[in-house]
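**Student:** Structure in structure tokens, see below.
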Amino acid sequence: MHDVLLKITDLHVSYGKKAILRGASFDVRNGECLTLLGANGSGKSTSMNAICGFVKPVSGSISLNGTELAGKGPHTIFKQGVAQVSQARDLFPDLSVEDNLRLGAMQRGKGKAAQVLADIYDRFPRLAERRRQATRTLSGGEQQMVAIGRALMSSPLILLLDEPSGGLSPQFCEEIATIMDQLKSEGVTMLMVEQNLNLAFRAADRFIVLRDGQVVDGGDVAAMAGDHDAIVRNIYL
Amino acid sequence: MQTSTGTLSKRRRIFWLVPLIALALPLLTNPYTQFIANAMLIYTLVTLGFSVVIGNLGQLAFANTAFFGIGAYASAIASTNLGLPWLATVPLAGLAGAFGGFLASAAALRGIRLYYLAIVTMAFGELMRWFYTHTGVLTGGTDGLPVSRERDFGLALTSDTVQFYVFLIITCLLVAGTVNLLRSRIGRAIIAVRENEIATASLGIPTSQIIVTAFMWSGFIVGIAGAMFALHTGRVFPESFGLTQLIVNFAMVLVGGLGSVAGAVLGAVALTALPEYVRAFPGMEEIFFGVIVMVVLLVMPKGLASLLARVSPIFQQRYHRD
């Protein structure tokens, strides 16, 4: 097992002629939570989408445990152990909560999937209560739980979370933060994009700051000792 | 699971109760109504196959008449040119229809969607009709091709009543097969592709394989319906598989309820039976048909299946498209 689980090297991604990522390099270590910070348009979500295979990099490398992922399709990358909870959550609204969760474990045998499903219900009792409800009838926070639960159904090597608190009430933000604390304590490796800095610094071990598609800053969250002002200035000013 | 075990077993009991009651139908029919009842079973499969692709998979593909014709001609050719008994042609017709489904799925796999997919698959159906017309040696051309109704594994298939029981068994098996498919992991993935294809791919699900599977299953059951149609009419003609047939099939899917298995049965039964009431008035049949479709869709936009769901939650289906 490598200490570094995911290694991004000199990644360039463009939408048409517009370059979004211009040589970004960073890595995620086993068991840690790394948060990507940056202003809008800095390339945070594009980094996530490139890792998941939704956009193809122009050049550069994305390596998971030594296996190259750059240029591969989303379903191949998912099978390698990368699961994303996207900003839009990408749930299947007309399917029940349980159907949504089970779709996350299509690659597993029936018995194994049932076991993981039971684990997810232990983790999110509210989803167990609503297992037969159409997902579209759930609140935003509950939908986020389904999205996280579905990603965990595949027992990924790394969980990518794109704005997990986006659009949620403070109460649900707290719930999401608690879920992330729990995932961290279980040693789940996470890469997160989050605009809510309180949540970002509560969950993350390390952070990096993206600006104009390049990594301009980074470090250990613990070393900041709660002084986040310098980072905020670095991101937005 | 969408339903509790209790609801599921209730639904299963009702599912098998319908054909059990239908067993007694020949006691109540005359030769004419028996002929119509047989047609209902054929169109149940045609509608169901169509509904799997446009309702459950969510692809606007109109290759249904192609599958229907391919199945009918495969059965007729195997019966007339190879001398096979009709029952032996049924699996061949299913496989030929499934191959048609595979060909039709190629357009969807190339990323062709919506109206473009509709027109490409419609062209496929018309191309097949041209093929039946212009390959007379094989298909009998515009004169059509007969299907042998000789005794078949001891069954007197010339009798509409015997045909009814054979059709009923085939229809029940294929409807049950479709219900099971849609409730399986593959079925869940088929609905997921309909809801959000990119998100489905991001869950490691090979969407191309799912699309091909749905098209092939649709082709398989509609192909078998084609073999039943060939036996039912005794002779197959290219004109039976044209745009009018397609419109009728599409109306059956919509009137029944898009993506609903119960709806496919209801739509096929309703739109096969009701126009018969005005058959005595030439020219009125099409008008009556159109009026039925309009009224049902205005009053019940989700089709007749929504009526059942209102009667009992047992009939609420998770793969039903709203």
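Letters for chains follow the order of the structure tokens (A, B, ...), residue numbers begin at 1 for each chain, and ligand numbers begin at 1 in the order shown.
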Select residues of chain A: the criterion is any atom within 7 Å of an atom of chain B, counting only C-alpha atoms; output as a list in words.
**Tutor:**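 Residues of chain A within 7 Å of chain B, counting only C-alpha atoms: Pro74, His75, Thr76, Phe78, Lys79, Asp90, Phe92, Leu95, Ser96, Glu98, Asp99, Gly104, Met106 and Arg132 of chain A.
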**Student:** May I have the residues from that selection written out with N, CA and C atoms, as an mmCIF file, in the first residue's frame?
**Tutor:**
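Dumped everything to selection-v6.cif:
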data_model
loop_
_atom_site.group_PDB
_atom_site.id
_atom_site.type_symbol
_atom_site.label_atom_id
_atom_site.label_comp_id
_atom_site.auth_asym_id
_atom_site.auth_seq_id
_atom_site.Cartn_x
_atom_site.Cartn_y
_atom_site.Cartn_z
ATOM 1 N N PRO A 74 -15.652 7.154 -16.751
ATOM 2 C CA PRO A 74 -16.127 7.211 -15.362
ATOM 3 C C PRO A 74 -16.387 5.831 -14.750
ATOM 4 N N HIS A 75 -16.968 4.900 -15.547
ATOM 5 C CA HIS A 75 -17.309 3.622 -14.912
ATOM 6 C C HIS A 75 -16.073 2.787 -14.628
ATOM 7 N N THR A 76 -15.006 2.976 -15.416
ATOM 8 C CA THR A 76 -13.749 2.269 -15.152
ATOM 9 C C THR A 76 -13.097 2.844 -13.893
ATOM 10 N N PHE A 78 -14.572 4.383 -11.443
ATOM 11 C CA PHE A 78 -15.370 3.992 -10.274
ATOM 12 C C PHE A 78 -14.955 2.588 -9.822
ATOM 13 N N LYS A 79 -14.763 1.702 -10.789
ATOM 14 C CA LYS A 79 -14.376 0.324 -10.440
ATOM 15 C C LYS A 79 -13.008 0.276 -9.785
ATOM 16 N N ASP A 90 -26.724 14.081 -8.180
ATOM 17 C CA ASP A 90 -26.954 13.082 -9.227
ATOM 18 C C ASP A 90 -27.694 11.846 -8.739
ATOM 19 N N PHE A 92 -31.262 9.479 -8.479
ATOM 20 C CA PHE A 92 -32.311 9.086 -9.414
ATOM 21 C C PHE A 92 -33.639 9.361 -8.703
ATOM 22 N N LEU A 95 -36.597 6.832 -8.266
ATOM 23 C CA LEU A 95 -36.308 5.546 -7.628
ATOM 24 C C LEU A 95 -36.317 5.719 -6.109
ATOM 25 N N SER A 96 -36.585 4.622 -5.423
ATOM 26 C CA SER A 96 -36.632 4.686 -3.955
ATOM 27 C C SER A 96 -35.225 4.901 -3.397
ATOM 28 N N GLU A 98 -33.711 3.016 -1.323
ATOM 29 C CA GLU A 98 -32.972 1.753 -1.359
ATOM 30 C C GLU A 98 -32.456 1.430 -2.761
ATOM 31 N N ASP A 99 -33.269 1.704 -3.765
ATOM 32 C CA ASP A 99 -32.815 1.459 -5.138
ATOM 33 C C ASP A 99 -31.601 2.329 -5.457
ATOM 34 N N GLY A 104 -25.340 1.844 -6.158
ATOM 35 C CA GLY A 104 -23.929 2.091 -5.843
ATOM 36 C C GLY A 104 -23.141 0.812 -5.674
ATOM 37 N N MET A 106 -23.635 -2.074 -7.655
ATOM 38 C CA MET A 106 -23.924 -2.971 -8.789
ATOM 39 C C MET A 106 -22.782 -3.944 -9.070
ATOM 40 N N ARG A 132 -38.229 3.076 1.338
ATOM 41 C CA ARG A 132 -39.146 2.832 0.220
ATOM 42 C C ARG A 132 -39.676 4.125 -0.403
#
**Student:** For Ser148 of chain B, list every protein, DNA or RNA residue within 7 Å, evaluated using only C-alpha atoms, and leave out those in the same chain fewer than 3 positions away; present the list as a VMD selection string.
**Tutor:** chain B and resid 79 to 80 86
**Student:** Can I get the selected residues back with N, CA and C atoms, as a PDB file, in the first residue's frame?
**Tutor:**
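That gives us selection-v9.pdb:
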ATOM      1  N   SER B  79     -41.195 -21.670 -41.004  1.00  0.00           N
ATOM      2  CA  SER B  79     -42.330 -22.595 -41.174  1.00  0.00           C
ATOM      3  C   SER B  79     -42.459 -23.035 -42.639  1.00  0.00           C
ATOM      4  N   THR B  80     -42.419 -22.063 -43.559  1.00  0.00           N
ATOM      5  CA  THR B  80     -42.655 -22.364 -44.967  1.00  0.00           C
ATOM      6  C   THR B  80     -41.412 -22.931 -45.652  1.00  0.00           C
ATOM      7  N   TRP B  86     -44.812 -24.642 -36.066  1.00  0.00           N
ATOM      8  CA  TRP B  86     -44.854 -23.260 -35.590  1.00  0.00           C
ATOM      9  C   TRP B  86     -44.201 -23.098 -34.220  1.00  0.00           C
TER      10      TRP B  86
END
**Student:** Can you tell me, as a PyMOL selection string, which residues in segment 167-308 of chain B count as alpha helix (DSSP H) by DSSP?
**Tutor:** chain B and resi 167-183+185-195+197-201+207-233+243-256+261-273+284-299+305-308
**Student:** For segment 145-147 of chain A, work out the shell of residues within 7 Å, counting only C-alpha atoms and skipping chain neighbours fewer than 2 positions away, then give it as an NGL selection string.
**Tutor:** :A and (85 or 89 or 91 or 97 or 101 or 141-143 or 149-151)
**Student:** Emit the selected residues as a tab-separated table (two decimals), in the first residue's frame, including C-alpha atoms.
**Tutor:**
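Here's the written file selection_0.tsv:
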chain	number	residue	atom	x	y	z
A	85	VAL	CA	-20.65	12.78	-4.37
A	89	ARG	CA	-25.86	14.88	-6.02
A	91	LEU	CA	-29.57	10.94	-7.55
A	97	VAL	CA	-33.90	5.44	-1.44
A	101	LEU	CA	-28.26	2.92	-2.62
A	141	GLY	CA	-30.06	17.04	3.68
A	142	GLU	CA	-31.56	13.58	3.40
A	143	GLN	CA	-30.78	13.52	-0.30
A	149	GLY	CA	-24.47	6.47	1.32
A	150	ARG	CA	-24.59	5.45	-2.34
A	151	ALA	CA	-20.95	6.41	-2.80
**Student:** In Å, how far is it from atom CA of Gly219 of chain A to atom CA of Leu36 of chain A?
**Tutor:**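 That distance, rounded to one decimal, is 11.1 Å.
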**Student:** For Pro170 of chain A, work out the shell of residues within 12 Å, counting only C-alpha atoms and skipping chain neighbours fewer than 2 positions away, then give it as a ChimeraX atom specification.
**Tutor:** /A:140-141,165-168,172-177,196,198-199
**Student:** Find the spatial neighbours of segment 97-100 of chain B, counting only C-alpha atoms, within a cut-off of 7 Å - ignore same-chain residues fewer than 4 positions away - and output them as a list in words.
**Tutor:**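 Close residues of segment 97-100 of chain B: Phe67, Ile70, Gly71, Ala93, Ala104, Met216, Trp217, Gly219, Phe220, Val222 and Gly223 of chain B.
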**Student:** Just give me the gap between atom CA of Arg235 of chain B and atom CA of Gly144 of chain B in Å, one decimal is fine.
**Tutor:**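 Value for the atom CA of Arg235 of chain B-atom CA of Gly144 of chain B distance: 6.3 Å.
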**Student:** Run DSSP on the backbone and give me the residues of segment 100-192 of chain B it puts in strand (DSSP E or B), as a list in words.
**Tutor:**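 Assigned to strand (DSSP E or B), within segment 100-192 of chain B: Leu145, Pro146, Asp152 and Leu155 of chain B.
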**Student:** Of the candidates A:Ala128, A:Ile62, A:Met192, A:Val209, which one gets nearest to Ala230 of chain A if we count only C-alpha atoms?
**Tutor:**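 Of A:Ala128, A:Ile62, A:Met192, A:Val209, the one nearest Ala230 of chain A, counting only C-alpha atoms, is A:Val209.
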**Student:** I'd like the neighbourhood of Thr44 of chain B as a list in words, where a residue qualifies if any of its atoms comes within 7 Å (using only C-alpha atoms), though same-chain residues fewer than 2 positions away should be ignored.
**Tutor:**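 Listing them by chain and then by number gives Met40, Leu41, Ile42, Val46, Thr47, Leu48, Ala264, Val265 and Ala268 of chain B.
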**Student:** For the residues selected in the previous step, produce a file with C-alpha atoms as a PDB file, in the first residue's frame.
**Tutor:**
ATOM      1  CA  MET B  40     -55.137  -8.788 -27.370  1.00  0.00           C
ATOM      2  CA  LEU B  41     -52.516 -11.233 -26.139  1.00  0.00           C
ATOM      3  CA  ILE B  42     -50.306 -10.519 -29.157  1.00  0.00           C
ATOM      4  CA  VAL B  46     -45.940  -5.797 -28.609  1.00  0.00           C
ATOM      5  CA  THR B  47     -46.887  -2.970 -26.222  1.00  0.00           C
ATOM      6  CA  LEU B  48     -44.810  -4.358 -23.391  1.00  0.00           C
ATOM      7  CA  ALA B 264     -49.031  -2.342 -21.320  1.00  0.00           C
ATOM      8  CA  VAL B 265     -51.652  -5.045 -20.747  1.00  0.00           C
ATOM      9  CA  ALA B 268     -53.258  -3.368 -25.532  1.00  0.00           C
TER      10      ALA B 268
END
**Student:** Please provide the set of residues having any atom within 12 Å of Thr9 of chain A, restricted to only C-alpha atoms, with same-chain residues fewer than 2 positions apart removed, written as a VMD selection string.
**Tutor:** chain A and resid 6 to 7 11 to 12 21 to 28 47 51 57 59 to 64 68 to 70 214 to 215
**Student:** Next, dump the selected residues to file, keeping only N, CA and C atoms, as a PDB file, in the first residue's frame.
**Tutor:**
ATOM      1  N   LEU A   6      -3.622   8.960  -3.925  1.00  0.00           N
ATOM      2  CA  LEU A   6      -3.961   9.613  -5.193  1.00  0.00           C
ATOM      3  C   LEU A   6      -2.923  10.684  -5.484  1.00  0.00           C
ATOM      4  N   LYS A   7      -2.324  10.604  -6.671  1.00  0.00           N
ATOM      5  CA  LYS A   7      -1.283  11.581  -6.999  1.00  0.00           C
ATOM      6  C   LYS A   7      -1.652  12.282  -8.308  1.00  0.00           C
ATOM      7  N   LEU A  11      -1.440  18.548 -13.984  1.00  0.00           N
ATOM      8  CA  LEU A  11      -2.709  18.298 -14.670  1.00  0.00           C
ATOM      9  C   LEU A  11      -3.196  19.546 -15.423  1.00  0.00           C
ATOM     10  N   HIS A  12      -3.466  19.346 -16.701  1.00  0.00           N
ATOM     11  CA  HIS A  12      -4.028  20.419 -17.535  1.00  0.00           C
ATOM     12  C   HIS A  12      -5.391  19.976 -18.056  1.00  0.00           C
ATOM     13  N   LEU A  21      -7.535  24.034 -15.616  1.00  0.00           N
ATOM     14  CA  LEU A  21      -6.408  23.594 -14.791  1.00  0.00           C
ATOM     15  C   LEU A  21      -5.127  23.773 -15.594  1.00  0.00           C
ATOM     16  N   ARG A  22      -4.139  24.427 -14.983  1.00  0.00           N
ATOM     17  CA  ARG A  22      -2.884  24.720 -15.712  1.00  0.00           C
ATOM     18  C   ARG A  22      -1.704  24.168 -14.935  1.00  0.00           C
ATOM     19  N   GLY A  23      -1.620  22.861 -14.933  1.00  0.00           N
ATOM     20  CA  GLY A  23      -0.462  22.237 -14.286  1.00  0.00           C
ATOM     21  C   GLY A  23      -0.619  22.032 -12.798  1.00  0.00           C
ATOM     22  N   ALA A  24      -1.823  21.716 -12.363  1.00  0.00           N
ATOM     23  CA  ALA A  24      -2.054  21.483 -10.922  1.00  0.00           C
ATOM     24  C   ALA A  24      -1.405  20.168 -10.493  1.00  0.00           C
ATOM     25  N   SER A  25      -0.766  20.196  -9.348  1.00  0.00           N
ATOM     26  CA  SER A  25      -0.160  18.974  -8.784  1.00  0.00           C
ATOM     27  C   SER A  25      -0.455  18.921  -7.290  1.00  0.00           C
ATOM     28  N   PHE A  26      -0.956  17.813  -6.838  1.00  0.00           N
ATOM     29  CA  PHE A  26      -1.145  17.588  -5.395  1.00  0.00           C
ATOM     30  C   PHE A  26      -1.353  16.096  -5.167  1.00  0.00           C
ATOM     31  N   ASP A  27      -1.323  15.699  -3.913  1.00  0.00           N
ATOM     32  CA  ASP A  27      -1.586  14.285  -3.637  1.00  0.00           C
ATOM     33  C   ASP A  27      -2.467  14.135  -2.400  1.00  0.00           C
ATOM     34  N   VAL A  28      -3.090  12.971  -2.319  1.00  0.00           N
ATOM     35  CA  VAL A  28      -3.932  12.647  -1.164  1.00  0.00           C
ATOM     36  C   VAL A  28      -3.367  11.375  -0.545  1.00  0.00           C
ATOM     37  N   SER A  47     -11.138  19.744 -11.112  1.00  0.00           N
ATOM     38  CA  SER A  47     -10.193  18.731 -10.622  1.00  0.00           C
ATOM     39  C   SER A  47     -10.944  17.451 -10.271  1.00  0.00           C
ATOM     40  N   ILE A  51     -10.663  13.766 -12.121  1.00  0.00           N
ATOM     41  CA  ILE A  51     -10.295  12.545 -11.379  1.00  0.00           C
ATOM     42  C   ILE A  51     -11.334  11.446 -11.654  1.00  0.00           C
ATOM     43  N   PRO A  57      -8.394  15.026 -19.258  1.00  0.00           N
ATOM     44  CA  PRO A  57      -7.304  16.004 -19.166  1.00  0.00           C
ATOM     45  C   PRO A  57      -6.598  16.165 -20.517  1.00  0.00           C
ATOM     46  N   SER A  59      -3.398  17.027 -20.575  1.00  0.00           N
ATOM     47  CA  SER A  59      -2.137  16.350 -20.261  1.00  0.00           C
ATOM     48  C   SER A  59      -2.022  16.215 -18.745  1.00  0.00           C
ATOM     49  N   GLY A  60      -1.019  15.501 -18.331  1.00  0.00           N
ATOM     50  CA  GLY A  60      -0.811  15.303 -16.898  1.00  0.00           C
ATOM     51  C   GLY A  60      -1.215  13.912 -16.473  1.00  0.00           C
ATOM     52  N   SER A  61      -1.005  13.647 -15.194  1.00  0.00           N
ATOM     53  CA  SER A  61      -1.227  12.295 -14.694  1.00  0.00           C
ATOM     54  C   SER A  61      -2.151  12.298 -13.468  1.00  0.00           C
ATOM     55  N   ILE A  62      -3.015  11.297 -13.402  1.00  0.00           N
ATOM     56  CA  ILE A  62      -3.844  11.060 -12.212  1.00  0.00           C
ATOM     57  C   ILE A  62      -3.593   9.601 -11.836  1.00  0.00           C
ATOM     58  N   SER A  63      -2.911   9.390 -10.758  1.00  0.00           N
ATOM     59  CA  SER A  63      -2.514   8.025 -10.417  1.00  0.00           C
ATOM     60  C   SER A  63      -3.135   7.612  -9.086  1.00  0.00           C
ATOM     61  N   LEU A  64      -3.817   6.464  -9.100  1.00  0.00           N
ATOM     62  CA  LEU A  64      -4.431   5.929  -7.878  1.00  0.00           C
ATOM     63  C   LEU A  64      -3.698   4.652  -7.505  1.00  0.00           C
ATOM     64  N   GLU A  68      -2.718   4.391 -13.456  1.00  0.00           N
ATOM     65  CA  GLU A  68      -3.035   5.642 -14.147  1.00  0.00           C
ATOM     66  C   GLU A  68      -4.529   5.713 -14.477  1.00  0.00           C
ATOM     67  N   LEU A  69      -5.184   6.801 -14.109  1.00  0.00           N
ATOM     68  CA  LEU A  69      -6.616   6.959 -14.366  1.00  0.00           C
ATOM     69  C   LEU A  69      -6.908   7.962 -15.474  1.00  0.00           C
ATOM     70  N   ALA A  70      -5.952   8.838 -15.766  1.00  0.00           N
ATOM     71  CA  ALA A  70      -6.209   9.921 -16.723  1.00  0.00           C
ATOM     72  C   ALA A  70      -6.660   9.350 -18.061  1.00  0.00           C
ATOM     73  N   GLN A 214      -3.934  26.528 -10.677  1.00  0.00           N
ATOM     74  CA  GLN A 214      -2.646  26.067 -10.137  1.00  0.00           C
ATOM     75  C   GLN A 214      -2.700  26.044  -8.610  1.00  0.00           C
ATOM     76  N   VAL A 215      -1.918  25.175  -8.015  1.00  0.00           N
ATOM     77  CA  VAL A 215      -1.854  25.121  -6.560  1.00  0.00           C
ATOM     78  C   VAL A 215      -0.923  26.242  -6.082  1.00  0.00           C
TER      79      VAL A 215
END
